[in-house]
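**Student:** Sharing a structure below in structure tokens format, with a few things to ask.
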Amino acid sequence: MSYAEIIIDHKSTSVDRRFTYNIPGELFDDAKIGVRVVVPFGRYNKPTMGIIVKITESLKSKFKTKDIIRILDDKPLISEKRLELAEWIKEEYICTGFESMQPILPPGDFRDINTIVVAKEDFEGFDTLNKKAEKILNHVLEAGRIEYSQLRSLYNDSGFSKEISSLEGAGAVRLILQVRENTTARVEKYVVANSKISYLQGVDIAGKGAKKQLDIWEFINKSKEATAKSILSDFNTSLSVLKAMEKKDLIKMENRVVKEKPISGKIPDYERIEFNPEQRAVFEGIMKSQNHLSLIHGITGSGKTEIYLQLVEEMLAKGKNSIILVPEISLTPQTTDRFVGRFGNQVAILHSKLTQHERFDQWRRIKSGEYNIVIGARSALFAPFNNLGLIVIDEEHENTYKSSNNPKYSTIEVARKISELEGAKLVLGTATPSVEIYYKAKFGEFQLYELSSRATRNSLPSICVVDMRRELQEGNRSIFSRNLYHEMEKTLKTGNQIILFLNRRGYTGFITCRSCGYVARCNNCDISLTYHRSSNRLRCHYCGETHAIPKACPSCGSTYFKSFGIGTEKVEEEVIKLFPNARTSRMDSDNIKTREDYEKALEAMKKREIDILIGTQMISKGLDFPSVTLVGIIAADTTLNLPDFRSPERTFQLITQVAGRAGRGEVEGNVILQTYNPEHYSIGAAMKNDYKDFFHSELELRREFEYPPFKEIATITLFGRDYKKVRESMEKSSLTLMESVREAGLVDVEILGPNPSPLEKINNNFRWQILLKFGYNHGKDMRNIIRRVYTIGKGSLIEKDVKTSIDINPNSIL
């Protein structure tokens, strides 16, 4: 008798283990590691789906085992190497077995996937088949196409799998994976203003008492149309309000089909570019190196993408596949276009706007060998290639490479594991490496390559730091320093383009009562509300709740409100006042909703239809416009003042990346960096374009306070709607954690907390947190302790309606 160890389709920690089942004799040939099965599960033997992860010839225990009911696939959905990867993810990131398999499984619900057997109608080799194979083929021909599991149930004996394989090998049938079509075309509801009604007429029709309708009418009359979803969110209202307006003929609501394609439009060919000596040395070094792990530290514009492209060419020549990861596929169209322009229909592009069916179709075609190259964001790392040779992670420092949902994996660490399992090369590239990765490269874990000059021979832009404290002292109360204003004036006169960067959307940061100091805050979150001028509303950037501007202070009744801070809307307004003849555009998540919006804005910039582009960090990634000669960083302190040990690193990275957008053409670039903290080491290093100076300063601080790369960290957050239950659960569980650490003799483990989280309340959930610091040598022991306390033993320590979040080496401790 043979036995299968199976992971059950269940997320509960109470069944987070492998279950052993008998493999009946008639199913022995079909049972393979990585195939889906149906098994009787639980006291009532409920038919439940699972995946075989191991096959053994003997039992370790004397427990009675049940039989597998049915096998659903003829070939494994998941390879043994990927199952090994899932097991590693489970242990490394402290999640359940089934959660660890989610990134590896085909997109969508794996219960909806069927293996379909399709007959080849013109098959002429019947005389070569045995009687059983002929009988099976006749069944398939009669049905035209049939599910594998259904066909299998007609032949309840051994040898079926062997016969199907021989039929497939002879060309009599083919087996294809198919997902049940449970998604129709994506439809979005739009609200369109009645153009025949003037604004004042609309006010009369709505009526003075209909406050919500008046607010929406004022907005929609100006904007002409908007999605119903955005209006409901921005005005914190319901669909019934929109229906009432439609009855009054103020608006019309209509459904529009939203179409997203993996590759949009005609992308021109992207010709091969000859390497300069630096690029050639890096390329040859990577290809010849015995170390499969490489880091390319190249300044902005140094030609890293061309190195990636030619590495992919080498892989194609060797018959190997390549995965190219970018931070966000919708925000890096120029990188995507270069790969498609070079390799055409060999490229699959994976992004979040594809429907479940489209994503599965791409997955199936990758697995069947129709594509050799995949480009996408984090999840594209798990593309099911059979002969992987190269993984490239561009802009490796970006936050988006850390998953925020279980499993909370680091893309780079998972890529390292895949590289080890598959024997593939892993290449990381960035102008601003994360401190941890650069440290590892300096000590030989990664082969380090440096690109110190731009591929076009242009020099890096000069960066001028302006102390905004001095500007204020000398009477300048504008958001623009005198230096920035004069440079903008000069740039516009020469016909070149300007980028203004501020990493805060909205109009102002918050509003406060000048009489008593009351600050308008979100009811659901421990955060102040941001004022948005476009909708004339206050909005929470965490839960999305919106409020009207209060007419009087709820605390003291005063009507004297003052707004503080600036956002991109305010910058846009000031730019239009100062430079009314300049063509100004804004790019942030408030007005760039789709990939199409983003591409339109970039195309306008490319055609020089925009003189001044204002934006948040979405304009900092991979944009290449030769006519941009001036970049203005409005407030470099935005990220610097966050209570997070990575804040200086984030600040340096953002400044360097944004500054790198200037001077990519024939005219030298110029950057004006405005700050209230010019003495800070991250600002000083950014001004000199000196990553190594920043790295050494930051490293000494990390060493002193025992943060990565010197120690691992973990955050454990408990959250729920009942403050008392959250606090008591955290206090009780943290005592058990401390006791477990002490019993294990882990003397150098530091436990900070428990304390309320820096953001104590988000979306009506109160949050308490523990921060752990521990040496890499204690990593396995600490993971076992955390798992024991917060997953296996949580039932006795944590209230039922209190949730747990465990994040190993998080991007942020906020």
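By order in the structure tokens, chains are A, B, ...; within a chain, residues start at 1; ligands start at 1, following the order shown.
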Tell me, as a PyMOL selection string, which residues lie within 12 Å of Leu175 (chain A), counting only C-alpha atoms; anything in the same chain fewer than 3 positions away does not count.

**Tutor:** chain A and resi 73-75+114-120+140+145-149+164-165+167-169+171-172+178+364+368

**Student:** For those residues, write N, CA and C atoms to a file as a compact mmCIF listing (two decimals), in the first residue's frame.

**Tutor:**
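File out08.txt, as written:
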```txt
# COMPACT_ATOMS: atom_id res chain seq x y z
N ASP A 73 -6.17 15.57 -11.77
CA ASP A 73 -5.25 16.01 -12.83
C ASP A 73 -4.43 14.83 -13.35
N ASP A 74 -4.06 14.91 -14.63
CA ASP A 74 -3.17 13.89 -15.18
C ASP A 74 -1.71 14.25 -14.97
N LYS A 75 -1.44 15.55 -14.86
CA LYS A 75 -0.08 16.04 -14.64
C LYS A 75 -0.09 16.99 -13.44
N ASN A 114 -10.03 22.82 -14.34
CA ASN A 114 -10.29 21.47 -14.83
C ASN A 114 -9.25 21.10 -15.88
N THR A 115 -8.86 19.82 -15.88
CA THR A 115 -8.06 19.30 -16.98
C THR A 115 -9.04 18.71 -17.99
N ILE A 116 -8.99 19.21 -19.22
CA ILE A 116 -9.93 18.78 -20.26
C ILE A 116 -9.19 17.89 -21.26
N VAL A 117 -9.81 16.76 -21.61
CA VAL A 117 -9.25 15.86 -22.63
C VAL A 117 -9.99 16.13 -23.93
N VAL A 118 -9.24 16.47 -24.98
CA VAL A 118 -9.81 16.79 -26.29
C VAL A 118 -9.27 15.80 -27.32
N ALA A 119 -10.17 15.19 -28.09
CA ALA A 119 -9.75 14.21 -29.10
C ALA A 119 -9.36 14.90 -30.39
N LYS A 120 -8.40 14.30 -31.09
CA LYS A 120 -8.02 14.77 -32.42
C LYS A 120 -8.85 13.97 -33.43
N VAL A 140 -13.81 9.71 -25.69
CA VAL A 140 -13.47 11.12 -25.86
C VAL A 140 -14.03 11.64 -27.18
N ARG A 145 -15.10 16.67 -26.06
CA ARG A 145 -14.16 17.07 -25.01
C ARG A 145 -14.78 16.67 -23.68
N ILE A 146 -13.96 16.23 -22.74
CA ILE A 146 -14.48 15.72 -21.48
C ILE A 146 -13.48 16.04 -20.36
N GLU A 147 -14.01 16.30 -19.16
CA GLU A 147 -13.13 16.55 -18.02
C GLU A 147 -12.36 15.28 -17.69
N TYR A 148 -11.09 15.44 -17.36
CA TYR A 148 -10.23 14.30 -17.05
C TYR A 148 -10.81 13.49 -15.90
N SER A 149 -11.27 14.17 -14.83
CA SER A 149 -11.78 13.45 -13.66
C SER A 149 -13.04 12.67 -14.01
N ILE A 164 -3.70 7.17 -20.99
CA ILE A 164 -3.89 8.57 -21.40
C ILE A 164 -2.58 9.17 -21.89
N SER A 165 -1.49 8.87 -21.18
CA SER A 165 -0.18 9.39 -21.58
C SER A 165 0.21 8.85 -22.96
N LEU A 167 -1.89 7.88 -25.33
CA LEU A 167 -2.75 8.52 -26.32
C LEU A 167 -2.27 9.94 -26.63
N GLU A 168 -1.84 10.63 -25.57
CA GLU A 168 -1.32 11.99 -25.77
C GLU A 168 -0.03 11.95 -26.58
N GLY A 169 0.85 10.98 -26.28
CA GLY A 169 2.11 10.84 -27.00
C GLY A 169 1.90 10.49 -28.46
N GLY A 171 -0.56 11.50 -30.22
CA GLY A 171 -1.25 12.60 -30.90
C GLY A 171 -2.74 12.37 -31.06
N ALA A 172 -3.28 11.35 -30.35
CA ALA A 172 -4.72 11.06 -30.45
C ALA A 172 -5.55 12.03 -29.63
N GLN A 178 -8.13 24.33 -18.01
CA GLN A 178 -9.16 25.34 -18.27
C GLN A 178 -9.73 25.78 -16.93
N ARG A 364 -1.57 29.62 -17.96
CA ARG A 364 -1.61 28.36 -18.72
C ARG A 364 -0.66 28.40 -19.91
N SER A 368 2.63 26.11 -20.65
CA SER A 368 2.70 25.27 -21.85
C SER A 368 3.84 25.66 -22.78
```

**Student:** Could you name the residues that touch Leu129 (chain A) at 10 Å or less, counting only C-alpha atoms, but leaving out those on the same chain fewer than 6 positions away, as a ChimeraX atom specification?

**Tutor:** /A:135,137,163,166-167,170,172

**Student:** Write the residues of the selection above to a file with C-alpha atoms, as a PDB file, in the first residue's frame.

**Tutor:**
```pdb
ATOM      1  CA  LYS A 135     -12.045   2.363 -25.829  1.00  0.00           C
ATOM      2  CA  LEU A 137     -10.351   7.358 -27.262  1.00  0.00           C
ATOM      3  CA  GLU A 163      -3.084   4.846 -21.355  1.00  0.00           C
ATOM      4  CA  SER A 166       0.266   6.993 -24.523  1.00  0.00           C
ATOM      5  CA  LEU A 167      -2.755   8.523 -26.319  1.00  0.00           C
ATOM      6  CA  ALA A 170       0.547   9.330 -30.133  1.00  0.00           C
ATOM      7  CA  ALA A 172      -4.718  11.058 -30.453  1.00  0.00           C
TER       8      ALA A 172
END
```

**Student:** Pick out the residues sitting within 7 Å of Asp611 (chain A), and hand them over as a list of chain:residue names; count only C-alpha atoms, and ignore anything fewer than 4 positions along from it in its own chain.

**Tutor:**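 With the cut-off at 7 Å, the set is A:Gln497, A:Ile498, A:Ala582, A:Arg583, A:Thr584.
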
**Student:** May I ask which of the residues A:Glu314, A:Ser2, A:Leu746, A:Met587 is the closest one to Glu599 (chain A), counting only C-alpha atoms?

**Tutor:**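 The answer is A:Met587, which sits nearest to Glu599 (chain A).
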
**Student:** From a backbone DSSP assignment, name each residue in region 710-781 of chain A labelled helix (DSSP H, G or I), as a list in words.

**Tutor:**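 Answer for region 710-781 of chain A, restricted to helix (DSSP H, G or I): Tyr723, Lys724, Lys725, Val726, Arg727, Glu728, Ser729, Met730, Glu731, Lys732, Ser733, Ser734, Leu735, Thr736, Leu737, Met738, Glu739, Ser740, Val741, Arg742, Glu743, Tyr776, Asn777, His778, Gly779, Lys780 and Asp781 of chain A.
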
**Student:** Running DSSP on the backbone, which parts of region 51-192 of chain A land in strand (DSSP E), as a PyMOL selection string?

**Tutor:** chain A and resi 51-56+70-71+113-119+145-147+173-179+186-192

**Student:** Let me see the file: selected residues, N, CA and C atoms, as a short mmCIF file (atom, residue, chain, number, x, y, z; two decimals), in the first residue's frame.

**Tutor:**
```cif
data_model
loop_
_atom_site.label_atom_id
_atom_site.label_comp_id
_atom_site.auth_asym_id
_atom_site.auth_seq_id
_atom_site.Cartn_x
_atom_site.Cartn_y
_atom_site.Cartn_z
N ILE A 51 -3.91 18.88 -2.17
CA ILE A 51 -2.80 18.66 -3.11
C ILE A 51 -1.83 17.65 -2.50
N ILE A 52 -1.42 16.69 -3.28
CA ILE A 52 -0.42 15.72 -2.82
C ILE A 52 0.95 16.40 -2.77
N VAL A 53 1.60 16.34 -1.60
CA VAL A 53 2.92 16.95 -1.47
C VAL A 53 4.01 15.90 -1.21
N LYS A 54 3.60 14.66 -0.89
CA LYS A 54 4.60 13.61 -0.68
C LYS A 54 3.93 12.25 -0.83
N ILE A 55 4.67 11.29 -1.38
CA ILE A 55 4.17 9.92 -1.49
C ILE A 55 5.15 9.00 -0.76
N THR A 56 4.61 8.15 0.14
CA THR A 56 5.46 7.25 0.92
C THR A 56 4.94 5.82 0.80
N ARG A 70 -10.77 10.71 -5.36
CA ARG A 70 -10.63 11.00 -6.80
C ARG A 70 -9.36 11.82 -7.03
N ILE A 71 -8.73 11.62 -8.16
CA ILE A 71 -7.59 12.44 -8.59
C ILE A 71 -8.05 13.28 -9.77
N ILE A 113 -10.41 24.93 -11.56
CA ILE A 113 -9.58 24.51 -12.68
C ILE A 113 -9.91 23.07 -13.05
N ASN A 114 -10.03 22.82 -14.34
CA ASN A 114 -10.29 21.47 -14.83
C ASN A 114 -9.25 21.10 -15.88
N THR A 115 -8.86 19.82 -15.88
CA THR A 115 -8.06 19.30 -16.98
C THR A 115 -9.04 18.71 -17.99
N ILE A 116 -8.99 19.21 -19.22
CA ILE A 116 -9.93 18.78 -20.26
C ILE A 116 -9.19 17.89 -21.26
N VAL A 117 -9.81 16.76 -21.61
CA VAL A 117 -9.25 15.86 -22.63
C VAL A 117 -9.99 16.13 -23.93
N VAL A 118 -9.24 16.47 -24.98
CA VAL A 118 -9.81 16.79 -26.29
C VAL A 118 -9.27 15.80 -27.32
N ALA A 119 -10.17 15.19 -28.09
CA ALA A 119 -9.75 14.21 -29.10
C ALA A 119 -9.36 14.90 -30.39
N ARG A 145 -15.10 16.67 -26.06
CA ARG A 145 -14.16 17.07 -25.01
C ARG A 145 -14.78 16.67 -23.68
N ILE A 146 -13.96 16.23 -22.74
CA ILE A 146 -14.48 15.72 -21.48
C ILE A 146 -13.48 16.04 -20.36
N GLU A 147 -14.01 16.30 -19.16
CA GLU A 147 -13.13 16.55 -18.02
C GLU A 147 -12.36 15.28 -17.69
N VAL A 173 -5.00 12.50 -28.51
CA VAL A 173 -5.72 13.46 -27.65
C VAL A 173 -4.73 14.52 -27.19
N ARG A 174 -5.27 15.61 -26.75
CA ARG A 174 -4.44 16.60 -26.06
C ARG A 174 -5.16 17.01 -24.78
N LEU A 175 -4.36 17.35 -23.76
CA LEU A 175 -4.92 17.72 -22.46
C LEU A 175 -4.63 19.19 -22.22
N ILE A 176 -5.67 19.92 -21.89
CA ILE A 176 -5.50 21.35 -21.65
C ILE A 176 -6.12 21.73 -20.31
N LEU A 177 -5.48 22.69 -19.65
CA LEU A 177 -6.03 23.22 -18.40
C LEU A 177 -7.02 24.32 -18.73
N GLN A 178 -8.13 24.33 -18.01
CA GLN A 178 -9.16 25.34 -18.27
C GLN A 178 -9.73 25.78 -16.93
N VAL A 179 -10.02 27.07 -16.82
CA VAL A 179 -10.65 27.56 -15.60
C VAL A 179 -12.12 27.81 -15.89
N ARG A 186 -15.73 43.19 -17.39
CA ARG A 186 -15.72 44.11 -16.25
C ARG A 186 -16.47 45.38 -16.63
N VAL A 187 -17.45 45.72 -15.81
CA VAL A 187 -18.31 46.87 -16.09
C VAL A 187 -18.16 47.90 -14.97
N GLU A 188 -18.08 49.16 -15.34
CA GLU A 188 -17.97 50.23 -14.35
C GLU A 188 -19.11 51.21 -14.59
N LYS A 189 -19.76 51.65 -13.48
CA LYS A 189 -20.87 52.59 -13.58
C LYS A 189 -20.32 54.02 -13.60
N TYR A 190 -20.73 54.80 -14.59
CA TYR A 190 -20.29 56.20 -14.72
C TYR A 190 -21.47 57.15 -14.48
N VAL A 191 -21.15 58.32 -13.91
CA VAL A 191 -22.13 59.38 -13.70
C VAL A 191 -21.78 60.50 -14.67
N VAL A 192 -22.76 60.91 -15.49
CA VAL A 192 -22.54 61.94 -16.51
C VAL A 192 -23.49 63.10 -16.25
#
```

**Student:** Do a neighbour search on Arg703 (chain A) at 12 Å with only C-alpha atoms, toss out local chain neighbours closer than 5 positions, and write the hits as a ChimeraX atom specification.

**Tutor:** /A:435-436,439,645,695-698,708-711

**Student:** Which residue out of A:Arg378, A:His139, A:Arg36, A:Lys11 has the minimum interatomic distance to Asp394 (chain A) when only C-alpha atoms are used?

**Tutor:** A:Arg378

**Student:** Would you kindly return, as a ChimeraX atom specification, each protein, DNA or RNA residue with an atom no farther than 12 Å from any atom of region 552-562 of chain A, considering only C-alpha atoms and excluding same-chain residues fewer than 6 positions away?

**Tutor:** /A:508-521,531

**Student:** Since we have the selection now, will you write its residues out, keeping N, CA, C and O atoms, as a PDB file, in the first residue's frame?

**Tutor:**
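Written out: out33.pdb:
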```
ATOM      1  N   THR A 508      -4.213  70.403   1.210  1.00  0.00           N
ATOM      2  CA  THR A 508      -3.404  70.703   2.392  1.00  0.00           C
ATOM      3  C   THR A 508      -3.337  69.462   3.274  1.00  0.00           C
ATOM      4  O   THR A 508      -4.136  68.532   3.127  1.00  0.00           O
ATOM      5  N   GLY A 509      -2.377  69.457   4.195  1.00  0.00           N
ATOM      6  CA  GLY A 509      -2.195  68.301   5.061  1.00  0.00           C
ATOM      7  C   GLY A 509      -3.353  68.088   6.018  1.00  0.00           C
ATOM      8  O   GLY A 509      -3.866  66.988   6.147  1.00  0.00           O
ATOM      9  N   PHE A 510      -3.781  69.143   6.718  1.00  0.00           N
ATOM     10  CA  PHE A 510      -4.898  69.023   7.656  1.00  0.00           C
ATOM     11  C   PHE A 510      -5.439  70.419   7.945  1.00  0.00           C
ATOM     12  O   PHE A 510      -4.813  71.420   7.607  1.00  0.00           O
ATOM     13  N   ILE A 511      -6.638  70.466   8.556  1.00  0.00           N
ATOM     14  CA  ILE A 511      -7.189  71.761   8.957  1.00  0.00           C
ATOM     15  C   ILE A 511      -7.367  71.767  10.472  1.00  0.00           C
ATOM     16  O   ILE A 511      -7.656  70.728  11.078  1.00  0.00           O
ATOM     17  N   THR A 512      -7.195  72.938  11.061  1.00  0.00           N
ATOM     18  CA  THR A 512      -7.293  73.050  12.521  1.00  0.00           C
ATOM     19  C   THR A 512      -8.023  74.331  12.903  1.00  0.00           C
ATOM     20  O   THR A 512      -8.045  75.296  12.131  1.00  0.00           O
ATOM     21  N   CYS A 513      -8.649  74.312  14.069  1.00  0.00           N
ATOM     22  CA  CYS A 513      -9.330  75.493  14.600  1.00  0.00           C
ATOM     23  C   CYS A 513      -8.282  76.389  15.247  1.00  0.00           C
ATOM     24  O   CYS A 513      -7.546  75.951  16.143  1.00  0.00           O
ATOM     25  N   ARG A 514      -8.217  77.660  14.833  1.00  0.00           N
ATOM     26  CA  ARG A 514      -7.217  78.571  15.383  1.00  0.00           C
ATOM     27  C   ARG A 514      -7.571  79.027  16.793  1.00  0.00           C
ATOM     28  O   ARG A 514      -6.718  79.557  17.513  1.00  0.00           O
ATOM     29  N   SER A 515      -8.802  78.803  17.205  1.00  0.00           N
ATOM     30  CA  SER A 515      -9.217  79.250  18.541  1.00  0.00           C
ATOM     31  C   SER A 515      -8.847  78.236  19.626  1.00  0.00           C
ATOM     32  O   SER A 515      -8.364  78.599  20.685  1.00  0.00           O
ATOM     33  N   CYS A 516      -9.114  76.935  19.347  1.00  0.00           N
ATOM     34  CA  CYS A 516      -8.892  75.935  20.401  1.00  0.00           C
ATOM     35  C   CYS A 516      -7.909  74.839  20.022  1.00  0.00           C
ATOM     36  O   CYS A 516      -7.553  74.005  20.852  1.00  0.00           O
ATOM     37  N   GLY A 517      -7.488  74.799  18.754  1.00  0.00           N
ATOM     38  CA  GLY A 517      -6.513  73.799  18.322  1.00  0.00           C
ATOM     39  C   GLY A 517      -7.110  72.487  17.862  1.00  0.00           C
ATOM     40  O   GLY A 517      -6.379  71.538  17.567  1.00  0.00           O
ATOM     41  N   TYR A 518      -8.444  72.390  17.790  1.00  0.00           N
ATOM     42  CA  TYR A 518      -9.090  71.168  17.293  1.00  0.00           C
ATOM     43  C   TYR A 518      -8.584  70.833  15.878  1.00  0.00           C
ATOM     44  O   TYR A 518      -8.466  71.715  15.024  1.00  0.00           O
ATOM     45  N   VAL A 519      -8.268  69.547  15.641  1.00  0.00           N
ATOM     46  CA  VAL A 519      -7.853  69.077  14.313  1.00  0.00           C
ATOM     47  C   VAL A 519      -8.896  68.081  13.813  1.00  0.00           C
ATOM     48  O   VAL A 519      -9.291  67.166  14.548  1.00  0.00           O
ATOM     49  N   ALA A 520      -9.365  68.281  12.580  1.00  0.00           N
ATOM     50  CA  ALA A 520     -10.354  67.365  12.007  1.00  0.00           C
ATOM     51  C   ALA A 520      -9.702  66.004  11.784  1.00  0.00           C
ATOM     52  O   ALA A 520      -8.720  65.889  11.047  1.00  0.00           O
ATOM     53  N   ARG A 521     -10.254  64.986  12.454  1.00  0.00           N
ATOM     54  CA  ARG A 521      -9.674  63.648  12.380  1.00  0.00           C
ATOM     55  C   ARG A 521     -10.705  62.653  11.868  1.00  0.00           C
ATOM     56  O   ARG A 521     -11.915  62.875  11.957  1.00  0.00           O
ATOM     57  N   TYR A 531      -7.380  67.697   3.297  1.00  0.00           N
ATOM     58  CA  TYR A 531      -8.323  68.497   2.513  1.00  0.00           C
ATOM     59  C   TYR A 531      -8.025  68.334   1.025  1.00  0.00           C
ATOM     60  O   TYR A 531      -6.888  68.501   0.575  1.00  0.00           O
TER      61      TYR A 531
END
```

**Student:** Can you pull out the residues contacting region 467-475 of chain A? Cut-off 7 Å, using only C-alpha atoms, and skip same-chain residues under 6 positions away; I want them as JSON, numbers by chain.

**Tutor:** {"A": [481, 674, 675, 676, 678]}

**Student:** I need the residues from that last selection saved to file as a PDB file, in the first residue's frame (with N, CA and C atoms), if you can.

**Tutor:**
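Result saved to again_17.pdb:
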```pdb
ATOM      1  N   SER A 481      10.896  78.369  -3.260  1.00  0.00           N
ATOM      2  CA  SER A 481      12.039  79.217  -2.924  1.00  0.00           C
ATOM      3  C   SER A 481      12.315  80.148  -4.097  1.00  0.00           C
ATOM      4  N   GLN A 674      14.284  71.523  -1.799  1.00  0.00           N
ATOM      5  CA  GLN A 674      13.857  72.393  -0.699  1.00  0.00           C
ATOM      6  C   GLN A 674      13.678  71.563   0.572  1.00  0.00           C
ATOM      7  N   THR A 675      14.228  72.070   1.680  1.00  0.00           N
ATOM      8  CA  THR A 675      14.166  71.316   2.930  1.00  0.00           C
ATOM      9  C   THR A 675      14.254  72.247   4.131  1.00  0.00           C
ATOM     10  N   TYR A 676      13.705  71.793   5.258  1.00  0.00           N
ATOM     11  CA  TYR A 676      13.864  72.494   6.530  1.00  0.00           C
ATOM     12  C   TYR A 676      14.945  71.824   7.382  1.00  0.00           C
ATOM     13  N   PRO A 678      18.500  70.842   6.181  1.00  0.00           N
ATOM     14  CA  PRO A 678      19.602  70.640   5.229  1.00  0.00           C
ATOM     15  C   PRO A 678      20.813  69.947   5.831  1.00  0.00           C
TER      16      PRO A 678
END
```

**Student:** Set the distance at 10 Å and use only C-alpha atoms: which residues neighbour Ile786 (chain A) once local chain neighbours fewer than 5 positions away are removed? I'd like the list as a list in words.

**Tutor:** Ile94, Ala714, Ile716, Leu737, Ser740, Val741, Asp781, Thr791, Ile792, Gly793 and Ile806 of chain A

**Student:** By how many Å are CA of Gly663 (chain A) and CA of Val575 (chain A) apart?

**Tutor:** 21.7 Å

**Student:** Report the distance between CA of Lys408 (chain A) and CA of Asp588 (chain A) in Å, rounded to one decimal place.

**Tutor:**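 A separation of 26.6 Å between them.
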
**Student:** One decimal, Å: what's the distance from CA of Ile813 (chain A) over to CA of Ser589 (chain A), could you say?

**Tutor:** 23.9 Å

**Student:** Restricting the calculation to only C-alpha atoms, which member of A:Arg595, A:Lys90, A:Lys803, A:Arg111 is positioned closest to Thr48 (chain A)?

**Tutor:**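 Checking each candidate against Thr48 (chain A), we get A:Arg111 as the closest.
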